[in-house]
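Q: So I've got this file, input.txt, and it contains compact mmCIF, C-alpha atoms:
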# COMPACT_ATOMS: atom_id res chain seq x y z
CA MET S 105 0.00 0.00 0.00
CA PRO S 106 1.45 3.42 -0.90
CA LYS S 107 2.27 5.42 2.20
CA GLN S 108 0.04 8.33 1.19
CA ALA S 109 -2.87 6.24 -0.12
CA ASP S 110 -6.33 7.40 0.92
CA ILE S 111 -7.81 4.12 2.09
CA TYR S 112 -11.33 5.58 1.87
CA ASP S 113 -11.04 6.66 -1.73
CA PRO S 114 -13.57 4.59 -3.71
CA SER S 115 -10.96 3.47 -6.24
CA PHE S 116 -8.71 2.21 -3.43
CA VAL S 117 -11.60 0.34 -1.78
CA LYS S 118 -12.59 -1.19 -5.12
CA GLY S 119 -9.05 -2.40 -5.70
CA VAL S 120 -8.79 -4.02 -2.28
CA PHE S 121 -12.01 -5.99 -2.65
CA ASP S 122 -11.53 -6.89 -6.30
CA ARG S 123 -8.24 -8.51 -5.33
CA CYS S 124 -9.77 -10.13 -2.23
CA SER S 125 -12.88 -11.45 -3.92
CA GLU S 126 -11.71 -14.90 -4.98
CA LYS S 127 -10.66 -15.96 -1.46
CA TYR S 128 -12.77 -13.57 0.61
CA ILE S 129 -15.39 -16.06 1.78
CA ALA S 130 -13.02 -18.73 3.05
CA PHE S 131 -10.55 -16.25 4.54
CA SER S 132 -13.17 -14.26 6.46
CA TYR S 133 -14.93 -17.37 7.75
CA VAL S 134 -11.79 -19.18 8.90
CA CYS S 135 -10.05 -16.13 10.37
CA SER S 136 -13.17 -15.02 12.25
CA MET S 137 -13.69 -18.60 13.48
CA GLY S 138 -17.16 -18.57 11.96
CA PHE S 139 -18.34 -15.41 13.68
CA THR S 140 -18.92 -13.51 10.43
CA GLU S 141 -21.61 -16.00 9.41
CA ARG S 142 -23.20 -15.87 12.85
CA TRP S 143 -23.25 -12.08 12.81
CA ARG S 144 -24.85 -11.97 9.36
CA ARG S 145 -27.65 -14.15 10.63
CA GLN S 146 -28.03 -11.95 13.71
CA CYS S 147 -28.17 -8.86 11.50
CA VAL S 148 -31.11 -10.29 9.56
CA GLU S 149 -32.80 -11.13 12.85
CA LEU S 150 -32.77 -7.41 13.69
CA PHE S 151 -35.68 -6.94 11.27
CA VAL S 152 -38.55 -7.19 13.75
CA VAL S 153 -41.61 -6.90 11.48
CA ASP S 154 -42.45 -9.09 8.48
CA PHE S 155 -42.02 -7.44 5.12
CA PRO S 156 -45.06 -6.99 2.87
CA SER S 157 -45.69 -9.35 -0.02
CA GLY S 158 -43.53 -8.36 -2.99
CA ALA S 159 -41.09 -6.45 -0.78
CA THR S 160 -38.03 -4.90 -2.40
CA GLY S 161 -34.92 -3.43 -0.85
CA TYR S 162 -31.17 -2.92 -0.93
CA ASP S 163 -28.14 -4.82 0.29
CA LEU S 164 -25.54 -2.07 0.44
CA MET S 165 -21.86 -2.96 0.10
CA ALA S 166 -23.30 -6.38 -0.64
CA GLY S 167 -20.02 -8.19 -1.28
CA THR S 168 -20.62 -11.82 -2.14
CA GLY S 169 -24.17 -11.77 -0.80
CA GLU S 170 -23.59 -14.08 2.13
CA ALA S 171 -26.52 -12.54 4.02
CA TRP S 172 -29.03 -13.35 1.24
CA PRO S 173 -29.74 -16.96 2.24
CA HIS S 174 -30.61 -15.81 5.78
CA LEU S 175 -32.72 -12.93 4.46
CA LEU S 176 -34.69 -14.96 1.91
CA LYS S 177 -35.22 -17.88 4.27
CA ARG S 178 -36.72 -15.65 6.94
CA PHE S 179 -38.67 -13.44 4.54
CA PRO S 180 -39.79 -15.52 1.53
CA ALA S 181 -42.18 -12.74 0.51
CA ILE S 182 -39.20 -10.64 -0.68
CA ASP S 183 -39.50 -10.10 -4.42
CA GLN S 184 -36.20 -8.37 -5.18
CA ILE S 185 -32.87 -7.55 -3.52
CA GLN S 186 -30.87 -4.80 -5.22
CA ALA S 187 -27.23 -5.62 -4.48
CA VAL S 188 -25.02 -2.53 -4.54
CA ASP S 189 -21.25 -2.97 -4.39
CA ILE S 190 -18.30 -1.12 -5.87
CA SER S 191 -16.34 -4.32 -6.54
CA GLU S 192 -16.77 -6.16 -9.83
CA GLY S 193 -14.98 -9.15 -8.33
CA MET S 194 -17.44 -9.41 -5.46
CA HIS S 195 -20.46 -9.28 -7.79
CA LYS S 196 -18.94 -11.91 -10.05
CA ARG S 197 -18.06 -14.18 -7.16
CA ALA S 198 -21.58 -13.85 -5.77
CA MET S 199 -23.36 -14.94 -8.94
CA ASP S 200 -20.86 -17.33 -10.50
CA ARG S 201 -20.20 -19.37 -7.38
CA LEU S 202 -22.90 -18.79 -4.77
CA HIS S 203 -26.31 -17.59 -5.83
CA LYS S 204 -27.27 -18.88 -9.28
CA MET S 205 -30.40 -20.45 -7.78
CA ARG S 206 -31.46 -17.03 -6.43
CA ALA S 207 -30.63 -15.01 -9.55
CA HIS S 208 -34.30 -14.19 -10.20
CA LYS S 209 -34.44 -12.46 -6.80
CA ILE S 210 -31.18 -10.50 -7.10
CA SER S 211 -30.27 -7.53 -9.27
CA HIS S 212 -26.76 -6.10 -9.25
CA LEU S 213 -25.41 -2.58 -9.39
CA GLU S 214 -21.63 -2.17 -9.56
CA GLN S 215 -21.28 1.34 -8.17
CA ASP S 216 -20.07 3.34 -5.22
CA VAL S 217 -23.18 3.52 -3.03
CA LEU S 218 -22.57 7.24 -2.46
CA ARG S 219 -22.82 7.82 -6.21
CA THR S 220 -25.81 5.53 -6.70
CA GLU S 221 -29.32 6.81 -7.12
CA LEU S 222 -31.36 5.22 -4.35
CA LYS S 223 -34.84 6.32 -5.32
CA PRO S 224 -36.78 8.14 -2.60
CA GLU S 225 -39.12 5.89 -0.62
CA SER S 226 -38.19 2.87 -2.77
CA ALA S 227 -37.09 0.37 -0.11
CA ASP S 228 -39.06 -1.85 2.26
CA PHE S 229 -35.72 -2.81 3.77
CA ILE S 230 -32.04 -1.85 3.70
CA LEU S 231 -29.38 -4.33 4.80
CA SER S 232 -25.61 -4.11 5.06
CA THR S 233 -23.03 -6.40 6.64
CA PHE S 234 -19.34 -5.48 6.95
CA GLY S 235 -19.37 -2.49 4.61
CA LEU S 236 -19.55 0.50 6.93
CA LYS S 237 -15.88 0.37 7.92
CA THR S 238 -14.79 1.33 4.40
CA PHE S 239 -16.20 4.85 4.86
CA ASN S 240 -14.79 7.80 6.75
CA SER S 241 -16.98 10.00 8.96
CA GLU S 242 -18.02 12.37 6.18
CA GLN S 243 -18.94 9.47 3.92
CA LEU S 244 -20.93 7.81 6.70
CA GLU S 245 -22.93 11.01 7.14
CA ALA S 246 -23.79 10.98 3.44
CA LEU S 247 -24.74 7.31 3.67
CA ALA S 248 -27.07 7.95 6.61
CA ALA S 249 -28.86 10.63 4.60
CA ARG S 250 -29.29 8.28 1.64
CA ILE S 251 -30.72 5.52 3.82
CA ALA S 252 -33.26 7.88 5.37
CA VAL S 253 -34.43 9.07 1.95
CA ALA S 254 -34.55 5.62 0.33
CA LEU S 255 -36.67 3.93 3.00
CA LYS S 256 -40.41 3.83 2.57
CA PRO S 257 -42.46 5.01 5.55
CA GLY S 258 -42.43 1.97 7.81
CA GLY S 259 -39.36 0.58 6.04
CA GLN S 260 -36.73 -1.16 8.15
CA PHE S 261 -32.93 -1.17 8.13
CA ALA S 262 -30.23 -3.33 9.71
CA LEU S 263 -26.50 -2.69 9.30
CA LEU S 264 -23.66 -4.50 11.05
CA GLU S 265 -19.91 -3.98 11.18
CA ALA S 266 -16.81 -5.52 12.74
CA SER S 267 -15.75 -3.20 15.54
CA ASP S 268 -13.12 -2.41 18.13
CA PRO S 269 -14.30 -3.96 21.45
CA ARG S 270 -13.09 -1.19 23.73
CA GLY S 271 -13.35 -2.11 27.39
CA TRP S 272 -13.30 -5.87 26.80
CA TRP S 273 -10.50 -7.54 28.76
CA LEU S 274 -9.57 -9.69 25.74
CA ARG S 275 -9.34 -6.66 23.43
CA PRO S 276 -5.50 -6.82 23.20
CA LEU S 277 -5.73 -10.43 21.98
CA TYR S 278 -8.45 -9.49 19.49
CA LEU S 279 -6.36 -6.62 18.11
CA PHE S 280 -3.28 -8.85 17.97
CA HIS S 281 -5.30 -11.29 15.84
CA LEU S 282 -6.47 -8.51 13.49
CA LYS S 283 -3.22 -6.61 13.14
CA ARG S 284 -0.56 -9.30 13.50
CA VAL S 285 -1.98 -12.76 12.82
CA LEU S 286 -4.08 -11.94 9.73
CA PRO S 287 -1.21 -10.20 7.89
CA VAL S 288 1.05 -13.20 8.54
CA ILE S 289 -1.58 -15.61 7.22
CA GLU S 290 -2.00 -13.47 4.13
CA LYS S 291 1.74 -13.24 3.57
CA LEU S 292 2.25 -16.99 3.90
CA PHE S 293 -0.79 -18.32 2.06
CA LEU S 294 -2.23 -15.53 -0.10
CA GLY S 295 0.75 -13.99 -1.84
CA GLY S 296 1.26 -11.12 0.58
CA ALA S 297 -0.82 -8.48 -1.17
CA GLU S 298 -1.80 -6.99 2.22
CA ASP S 299 -5.42 -6.61 1.14
CA PHE S 300 -6.95 -8.80 3.84
CA ALA S 301 -4.75 -7.02 6.38
CA MET S 302 -6.70 -3.87 5.53
CA ILE S 303 -9.74 -5.39 7.25
CA GLY S 304 -8.00 -4.89 10.59
CA THR S 305 -7.05 -1.31 9.75
CA TYR S 306 -10.56 -0.43 8.60
CA SER S 307 -12.15 -2.06 11.66
CA THR S 308 -10.00 -0.34 14.28
CA ASN S 309 -10.33 3.01 12.49
CA PHE S 310 -14.11 2.55 12.43
CA GLY S 311 -14.35 1.99 16.18
CA ASP S 312 -17.99 0.96 16.42
CA ALA S 313 -21.39 1.89 14.99
CA SER S 314 -22.37 4.29 17.78
CA ASP S 315 -21.49 7.44 15.81
CA PHE S 316 -23.39 6.13 12.79
CA CYS S 317 -26.34 5.48 15.09
CA GLU S 318 -26.46 9.18 15.96
CA MET S 319 -26.19 10.13 12.29
CA LEU S 320 -29.23 8.01 11.45
CA LYS S 321 -31.18 9.48 14.36
CA ALA S 322 -30.37 12.98 13.11
CA HIS S 323 -32.20 12.07 9.90
CA GLY S 324 -35.36 11.19 11.77
CA LEU S 325 -35.01 7.42 11.93
CA HIS S 326 -35.80 5.26 14.93
CA VAL S 327 -32.54 3.48 15.74
CA ARG S 328 -31.32 0.70 18.03
CA PHE S 329 -27.61 0.19 18.72
CA LYS S 330 -26.40 -3.27 19.71
CA LYS S 331 -23.09 -4.93 20.59
CA HIS S 332 -22.36 -8.47 19.40
CA PHE S 333 -19.87 -10.72 21.22
CA PHE S 334 -18.52 -8.11 23.64
CA GLY S 335 -18.43 -5.45 20.92
CA CYS S 336 -16.34 -7.32 18.34
CA ALA S 337 -19.20 -6.38 16.04
CA THR S 338 -21.85 -3.68 16.46
CA SER S 339 -25.10 -3.03 14.66
CA VAL S 340 -27.67 -0.34 14.07
CA SER S 341 -31.22 -1.20 13.16
CA GLY S 342 -34.63 0.39 13.14
CA TYR S 343 -37.24 1.93 10.92
CA ARG S 344 -38.65 5.03 9.31
CA GLU S 345 -41.79 6.33 10.95
CA LEU S 346 -45.09 5.73 9.19
CA GLU S 347 -46.48 9.02 7.96
Transcribe the structure of this file into structure tokens.

A:
Amino acid sequence: MPKQADIYDPSFVKGVFDRCSEKYIAFSYVCSMGFTERWRRQCVELFVVDFPSGATGYDLMAGTGEAWPHLLKRFPAIDQIQAVDISEGMHKRAMDRLHKMRAHKISHLEQDVLRTELKPESADFILSTFGLKTFNSEQLEALAARIAVALKPGGQFALLEASDPRGWWLRPLYLFHLKRVLPVIEKLFLGGAEDFAMIGTYSTNFGDASDFCEMLKAHGLHVRFKKHFFGCATSVSGYRELE
């Protein structure tokens, strides 16, 4: 990584995840000891009201779509998931290897979510897992505004991110795993591109979802903040008021 690289620049983020895409699923599952899959399921469980028949919504920073099986199993009435992700590699991996049987339910948009037109009041739901950390504070503010506009009255949202578990007595071990162990694994087994190592950098820079919670509230949304496994992940969920 160039010393002066802006790690939040969309082109930088796209490059990281394009290069990661082929091995992303296995690497994230093994190195999180399965917690990423558990947290995706828990994120979907944060939707507390059934969606209407024919519901449509967005999976933002959708990656390889690993939350879709949980989402469609719990809410079979969903008609369409619009998957938005900046990475071509992630989209390709999702459809070529994982979700061919769900292709009729998924549409794909390869764009930076902050440059994507999310139509006003178009979404019954908005989901995102492990994408928030790739934004800085200013970008997160813009994202919160877009979510508030895109939700239908009564629409629900649930977003989850790996976080820095401040105050947890095992935090030093957790950070050692993120910042020391993962880079070594990548160097030894994945060619040493240092792309997976960026996950640790993004996560510790992000902190947790509490600031994003306040941003969403400022846009008039009802928001719940939750810690998962001592704060190793945090989530925000809630809804837009019926008018």

Q: Just want the 12 Å neighbourhood of His323 (chain S), counted on all atoms listed in the file, with same-chain residues fewer than 4 positions away dropped. Output as a list in words.

A: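 Residues near the query, excluding close chain neighbours: Glu245, Ala246, Leu247, Ala248, Ala249, Arg250, Ile251, Ala252, Val253, Ala254, Leu255, Phe316, Cys317, Glu318, Met319, Val327, Tyr343, Arg344 and Glu345 of chain S.
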
Q: Between S:Leu236, S:Arg178, S:Glu192, S:His208, which residue has the minimum interatomic distance to Cys124 (chain S), considering all atoms listed in the file?

A: S:Glu192

Q: Could you tell me how far CA of Gly324 (chain S) sits from CA of Gln186 (chain S), in Å to one decimal place?

A: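 Interatomic distance, CA of Gln186 (chain S) to CA of Gly324 (chain S): 23.8 Å.
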
Q: Using all atoms listed in the file, which of S:Ala166, S:Ala227, S:Leu320, S:Met302 sits nearest Met199 (chain S)?

A: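 Among the listed residues, S:Ala166 lies closest to Met199 (chain S).
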
Q: Grab the CA of Asp154 (chain S) to CA of His326 (chain S) distance for me, in Å with one decimal place.

A: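 Atom-to-atom, CA of Asp154 (chain S) to CA of His326 (chain S), that is 17.1 Å.
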
Q: Using Å and a single decimal, report how far CA of Ser115 (chain S) sits from CA of His212 (chain S).

A: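 Answer for the CA of His212 (chain S) to CA of Ser115 (chain S) separation: 18.7 Å.
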
Q: Taking into account only C-alpha atoms, which residue in the set S:Leu218, S:Val188, S:Leu231, S:Leu263 is nearest to Gln243 (chain S)?

A: S:Leu218

Q: Which residue gives the smallest distance to Glu141 (chain S) among S:Glu170, S:Asp163, S:Asp122, S:Glu225, with all atoms listed in the file counted?

A: S:Glu170

Q: Neighbouring residues of Glu214 (chain S) were defined as those with any atom within 9 Å, considering all atoms listed in the file; residues of the same chain fewer than 4 positions away were excluded. Please report them as JSON, numbers by chain.

A: {"S": [187, 188, 189, 190, 191, 192, 195]}

Q: Excluding same-chain residues fewer than 5 positions from Arg197 (chain S), what lies within 9 Å of it counting all atoms listed in the file, as a PDB file with C-alpha atoms, keeping the file's coordinate frame?

A:
ATOM      1  CA  SER S 125     -12.880 -11.450  -3.920  1.00  0.00           C
ATOM      2  CA  GLU S 126     -11.710 -14.900  -4.980  1.00  0.00           C
ATOM      3  CA  GLY S 167     -20.020  -8.190  -1.280  1.00  0.00           C
ATOM      4  CA  THR S 168     -20.620 -11.820  -2.140  1.00  0.00           C
ATOM      5  CA  GLU S 192     -16.770  -6.160  -9.830  1.00  0.00           C
ATOM      6  CA  LEU S 202     -22.900 -18.790  -4.770  1.00  0.00           C
TER       7      LEU S 202
END

Q: Lys177 (chain S): which residues within 12 Å, counting only C-alpha atoms, same-chain residues fewer than 5 positions away excluded, as a list in words?

A: Arg145, Val148, Glu149, Ala171, Trp172, Ile182 and Arg206 of chain S

Q: Env of Phe334 (chain S): 12 Å cut, atoms = only C-alpha atoms, seq-sep filter 3 positions within chain, self excluded. Answer as a list in words.

A: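 So, after excluding close chain neighbours, the residues are Ala266, Ser267, Asp268, Pro269, Arg270, Gly271, Trp272, Trp273, Leu274, Arg275, Tyr278, Asp312, Lys330, Lys331, Ala337 and Thr338 of chain S.
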
Q: Which is closest to Lys256 (chain S) among S:Phe151, S:Phe280, S:Phe116, S:Phe229, if we use all atoms listed in the file?

A: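 Smallest separation from Lys256 (chain S) among the options: S:Phe229.
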
Q: Give the answer as one residue: which of S:Gln260, S:Gly161, S:Gln146, S:Tyr112 has the shortest atom-to-atom distance to Phe333 (chain S), using all atoms listed in the file?

A: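 Ranked by minimum distance to Phe333 (chain S), first place goes to S:Gln146.
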